[in-house]
Structure formats: C-alpha cells, structure tokens
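Engineer: Let me begin by handing over the structure; questions about it come next.
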Amino acid sequence: MENISRRQVLATTGAAVSAGVAGCAGTLGSGESSGETFGVGYGDYQTTVKAADFPKKLYVYAVQSGWSNWPAIMQAFEEQYGVPLNDDDRSSGEALKDLRSHAQNPTHSAYNGGYTYGILAMNDGLTQAYKPANWDAVPKKLKTDNGHMTATRRMTTAVTYRKDLYEERGLDAPETWDDLLQPEITKDLALQTPTAAVGLAAALSVNNARGGSLDDLQPVIDYYKQIKDGGAEFTDNFLAQFTKGEYATFIRYDYSGLNLKYNNDEIAEENVGVALLKGKNGNKGAFNQPYGYGMLKDAPNPGACKLFMDYVLSLEGQRKFLDAYVRPIRAPELEMPDEFPDQSTYDETEFQVDYGSLVEKQERIIQQINREANL
C-alpha cells in the first residue's frame with residue numbers, strides 16, 4: 001500500500017464527508033424550508049425543532065476557528081442544517097465574564113468551554129436544563145444530573161517543542177517540569193495565564209508535579225516567577241511564531257501539539273515533539289481538563305442551539321474532534337489514532353482533581369496565581 005500521510009488522509013476524507021453531508025442537506029437553508037423539523041434531546045428533553053425558527057447565525061461561546069477542530073464541526077453543521085455559527089474567538093474565562101455581564105440580556109445561546117467554568121455559570125443561575133441526544137453516553141462525573149452542563153471532550157496538559165531547535169541547542173526531550181527551567185528553554189517558552197482554561201490546566205499541572213495542591217499554590221507561583229525571569233512569555237498567541245521558530249517551546253494540551261505535528265503543513269512532522277511531564281520525584285504533572293457546554297437561561301434561538309448541541313455529541317461530531325487529536329467524551333466508542341502517546345505515558349503522568357472542589361476554589365486559585373506571580 002502506498003505510504004500516505006495523515007495530513008493527506010484528513011484532507012481527502014474531509015472533502016468526501018463534506019460532499020456527502022452537503023448532498024444530504026439538499027437545499028435547506030436558514031429557515032428556507034419552513035416545513036422541515038428535527039427531533040432533538042434525550043429522555044424527558046426530547047422535542048421537535050423547526051427549521052423555520054432557525055436564525056441566520058447561531059452564537060455559542062468560544063466555538064471558534066483555531067481550536068478543537070471547531071471549523072470542521074461548524075462547516076458540517078451549516079451544510080447539514082443551513083445554520084452558520086459565529087466564529088467566537090475567546091477563552092473560557094472571557095466567555096464566563098461576558099455571559100455574566102449579559103445576564104439580563106443574553107447574546108449567545110449556549111456556553112461552551114472549560115467544564116468547571118460552565119459549572120460556575122450554572123451556580124450563578126445563568127444556565128438552563130437541556131440533555132442532548134446521547135447524554136447517557138457521557139460519564140456521570142462529567143455531567144450534571146440537572147442537565148445544565150455536559151462534557152463533550154477532554155484534553156491533557158502537554159509541552160510541545162521544536163525538536164530541531166532542541167537538537168541545535170544540545171537539549172534532550174523534556175521529561176519533567178524541572179527540565180523546562182533550563183535557560184536555553186525558558187528564553188523562548190510560551191504559555192497562557194490561568195484565566196483561560198488551558199492556562200489553569202497548565203498551572204495545576206506544574207503545581208501538582210511540584211508537590212502542591214488546590215490549597216497550596218506556592219509551588220506553581222515560584223515556578224512561574226522563575227520562568228518569567230528566564231524570559232518565558234505569558235501570551236495567547238504563539239502557534240504561528242512556533243512554526244517560524246520564534247518560540248521553541250509552548251505549554252498547552254496534547255491535542256495542540258499533535259494537531260500541529262500531523263495536520264499543519266507549515267512545519268515538518270519530524271520537527272515537532274509532544275511530551276507529557278511529571279515531577280522530578282515522580283508526581284503526576286499532566287492535568288486532564290474536561291470541556292463542555294450548557295444552554296443559557298432565556299437565551300435566543302433555543303431550537304437551533306439544541307440541534308447544534310445534539311450534533312456535537314453525535315458520533316459524527318465526536319469524530320471531528322478526534323480528527324484534530326482532541327479526545328471526545330465518547331472516545332470509548334471510537335477508534336483512537338495511533339499518533340497519540342502510548343497509554344502508559346498517560347498512566348504515568350495524567351491526573352484529575354475533584355471537580356466540585358475545583359469549582360469552589362477556582363476563582364481564588366486564578367486570582368492568587370495571577371497576583372502573586374505578577375502575570
């Protein structure tokens with residue numbers, strides 16, 4: 001069999017799937033076929049929604065290009081149901097701040113982002129109950145019994161590095177968080193602040209690896225001070241610079257590095273390394289962060305929103321996450337790509353926390369790290 005790269009396979013199959021979906025969609029556009037209806041929901045939440053009620057554009061927080069393969073999901077949903085989604089470029093923390101500011105006049109139909117940020121929105125009374133189709137396939141600890149929040153995917157904190165630049169500098173592949181403290185690494189290291197879910201995951205990873213806890217943040221605060229002194233930058237924008245060699249290392253998720261390695265033509269696969277780290281004493285240092293969604297209270301366009309939520313949790317939608325190495329919440333029902341690190345690596349490095357406890361302490365954790373590390 002001819003050796004075909006995963007990049008070529010994805011490009012070919014993506015086009016085929018898009019063509020197939022478009023064929024099934026026919027001429028349906030945003031409300032053009034007023035008689036079209038769709039069954040949605042799970043259990044007591046099953047209902048029918050009408051295409052005539054669909055908006056010209058659906059707004060869901062943090063559904064955006066450049067993250068979690070949302071563009072493929074957005075495109076497929078629009079082709080199948082005639083409803084485009086707004087490209088909502090913001091972090092989970094920014095989404096929570098915005099939806100709180102619009103509590104009396106919601107601008108978006110649903111929250112999407114870090115799972116615990118959504119629980120905070122629920123606790124503020126900003127969400128409403130809806131259990132999407134296939135809700136029963138989601139692990140119990142990653143959904144609320146009241147239907148306000150449902151996890152859709154999970155990502156694990158990882159370090160992505162330029163193997164070619166590391167080789168030039170005589171650096172070995174990182175294995176522990178202490179390895180990143182080398183001057184030749186901190187000088188062009190990029191990561192995000194804990195205000196964003198991905199940044200919070202990184203902070204919890206470092207903190208756990210270095211012996212901290214949700215109540216003891218001093219290890220990560222000291223670590224962040226040290227890497228800042230060494231030249232590390234806390235920024236949201238670094239992927240383009242990484243491909244150009246302006247950053248040699250960044251801290252994000254496993255998906256971020258794997259997607260860059262195998263699905264990006266701007267950098268050679270062999271020049272990208274992805275590592276899950278632990279502490280030098282063996283403490284686990286790769287936090288597993290769930291992401292999910294929840295309908296917003298009194299939000300506009302509930303029918304189209306329910307249909308979109310159902311699509312995301314369908315196997316078709318879940319596979320699109322997997323195309324970019326985002327582990328879908330229904331992963332046990334799907335075949336996982338070989339490009340993921342060995343499961344033994346996850347077993348050695350990955351950890352979770354009590355999400356209820358994290359929700360209670362999250363805002364204090366973020367504020368303390370930002371303040372004391374001067375981020």
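Each chain in the structure tokens gets a letter, A, B, ..., in the order shown, and its residues are numbered from 1; ligands are numbered from 1 in order too.
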Please provide the set of residues having any atom within 6 Å of Val272 of chain A, restricted to only C-alpha atoms, with same-chain residues fewer than 6 positions apart removed, written as number ranges by chain.
Structural biologist: A: 161-163, 261
Engineer: For the residues in the current selection, export N, CA and C atoms as a PDB file, in the first residue's frame.
Structural biologist:
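Below is the file result-v8.pdb, written as the result:
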ATOM      1  N   TYR A 161       7.412  21.076  21.646  1.00  0.00           N
ATOM      2  CA  TYR A 161       8.726  21.686  21.466  1.00  0.00           C
ATOM      3  C   TYR A 161       9.273  21.419  20.061  1.00  0.00           C
ATOM      4  N   ARG A 162      10.172  22.291  19.642  1.00  0.00           N
ATOM      5  CA  ARG A 162      10.822  22.157  18.349  1.00  0.00           C
ATOM      6  C   ARG A 162      12.010  21.218  18.488  1.00  0.00           C
ATOM      7  N   LYS A 163      11.874  20.012  17.976  1.00  0.00           N
ATOM      8  CA  LYS A 163      12.939  19.019  18.103  1.00  0.00           C
ATOM      9  C   LYS A 163      14.208  19.462  17.388  1.00  0.00           C
ATOM     10  N   LYS A 261       1.577  18.924  14.756  1.00  0.00           N
ATOM     11  CA  LYS A 261       2.551  17.980  14.200  1.00  0.00           C
ATOM     12  C   LYS A 261       2.027  17.257  12.954  1.00  0.00           C
TER      13      LYS A 261
END
Engineer: I want to know what sits within 9 Å of Leu217 of chain A, based on only C-alpha atoms, with residues of the same chain fewer than 4 positions away left out; could you give that as a list in words?
Structural biologist: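 Here the qualifying residues turn out to be Ala203, Leu204, Asn207, Gly212, Ser213, Ile221, Asp222, Ile365, Gln368 and Ile369 of chain A.
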Engineer: Please give the complete set of residues from segment 52-193 of chain A that DSSP, run on the backbone, assigns to helix (DSSP H, G or I), formatted as a ChimeraX atom specification.
Structural biologist: /A:52-53,70-81,92-101,115-123,135-137,140-142,163-169,177-181,183-186
Engineer: Extract, using only C-alpha atoms, all DNA, RNA and protein residues at most 8 Å from segment 58-72 of chain A, discarding same-chain residues fewer than 3 positions from it, and format them as a VMD selection string.
Structural biologist: chain A and resid 55 75 to 76 83 to 92 95 107 to 113 255 301 304 to 305 320 to 321 323 to 324 326
Engineer: Could you check which of A:Ile329, A:Leu189, A:Val49, A:Leu375 is closest to Pro290 of chain A, using only C-alpha atoms?
Structural biologist: A:Ile329
Engineer: Could you give me, as CSV, a per-residue list for segment 82-199 of chain A showing, wherever an atom lies at most 12 Å from an atom of segment 234-252 of chain A, the closest pair of atoms and their distance in Å to one decimal, using only C-alpha atoms and sorting by chain then residue number from low to high?
Structural biologist:
residue,atom,partner,partner_atom,distance
A:Asp89,CA,A:Asp236,CA,11.3
A:Arg90,CA,A:Asp236,CA,10.0
A:Ser91,CA,A:Asp236,CA,9.2
A:Met155,CA,A:Arg252,CA,9.3
A:Thr156,CA,A:Arg252,CA,8.3
A:Thr157,CA,A:Arg252,CA,5.7
A:Ala158,CA,A:Arg252,CA,5.7
A:Val159,CA,A:Ile251,CA,4.6
A:Thr160,CA,A:Phe250,CA,5.5
A:Tyr161,CA,A:Thr249,CA,4.3
A:Arg162,CA,A:Ala248,CA,5.1
A:Lys163,CA,A:Ala248,CA,8.4
A:Asp164,CA,A:Ala248,CA,9.1
A:Leu165,CA,A:Ala248,CA,6.6
A:Tyr166,CA,A:Ala248,CA,7.6
A:Glu167,CA,A:Ala248,CA,11.0
A:Glu168,CA,A:Ala248,CA,11.1
A:Arg169,CA,A:Ala248,CA,10.5
A:Leu171,CA,A:Ala248,CA,11.2
A:Ala173,CA,A:Thr249,CA,10.9
A:Pro174,CA,A:Thr249,CA,10.2
A:Trp177,CA,A:Ile251,CA,10.6
A:Asp179,CA,A:Thr249,CA,11.8
A:Leu180,CA,A:Thr249,CA,8.9
A:Leu181,CA,A:Thr249,CA,11.7
A:Gln182,CA,A:Thr249,CA,11.8
A:Glu184,CA,A:Ala248,CA,9.4
A:Ile185,CA,A:Thr249,CA,7.0
A:Thr186,CA,A:Thr249,CA,8.3
A:Lys187,CA,A:Tyr247,CA,8.6
A:Asp188,CA,A:Tyr247,CA,4.9
A:Leu189,CA,A:Thr249,CA,4.9
A:Ala190,CA,A:Phe250,CA,4.6
A:Leu191,CA,A:Phe234,CA,5.0
A:Gln192,CA,A:Phe234,CA,4.9
A:Thr193,CA,A:Phe234,CA,6.0
A:Pro194,CA,A:Phe234,CA,9.8
A:Thr195,CA,A:Asp236,CA,10.7
A:Ala196,CA,A:Asp236,CA,9.0
A:Ala197,CA,A:Arg252,CA,10.0
A:Val198,CA,A:Arg252,CA,6.2
A:Gly199,CA,A:Arg252,CA,7.4
Engineer: Quick one: distance from atom CA of Gly285 of chain A to atom CA of Val206 of chain A in Å, one decimal?
Structural biologist: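 Going from atom CA of Gly285 of chain A over to atom CA of Val206 of chain A, I get 6.0 Å.
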Engineer: Run DSSP on the backbone of this structure and report the residues of segment 95-343 of chain A it assigns to strand (DSSP E), as a PyMOL selection string.
Structural biologist: chain A and resi 110-114+150-162+189-191+233-234+249-253+272-275+286-295+327-328
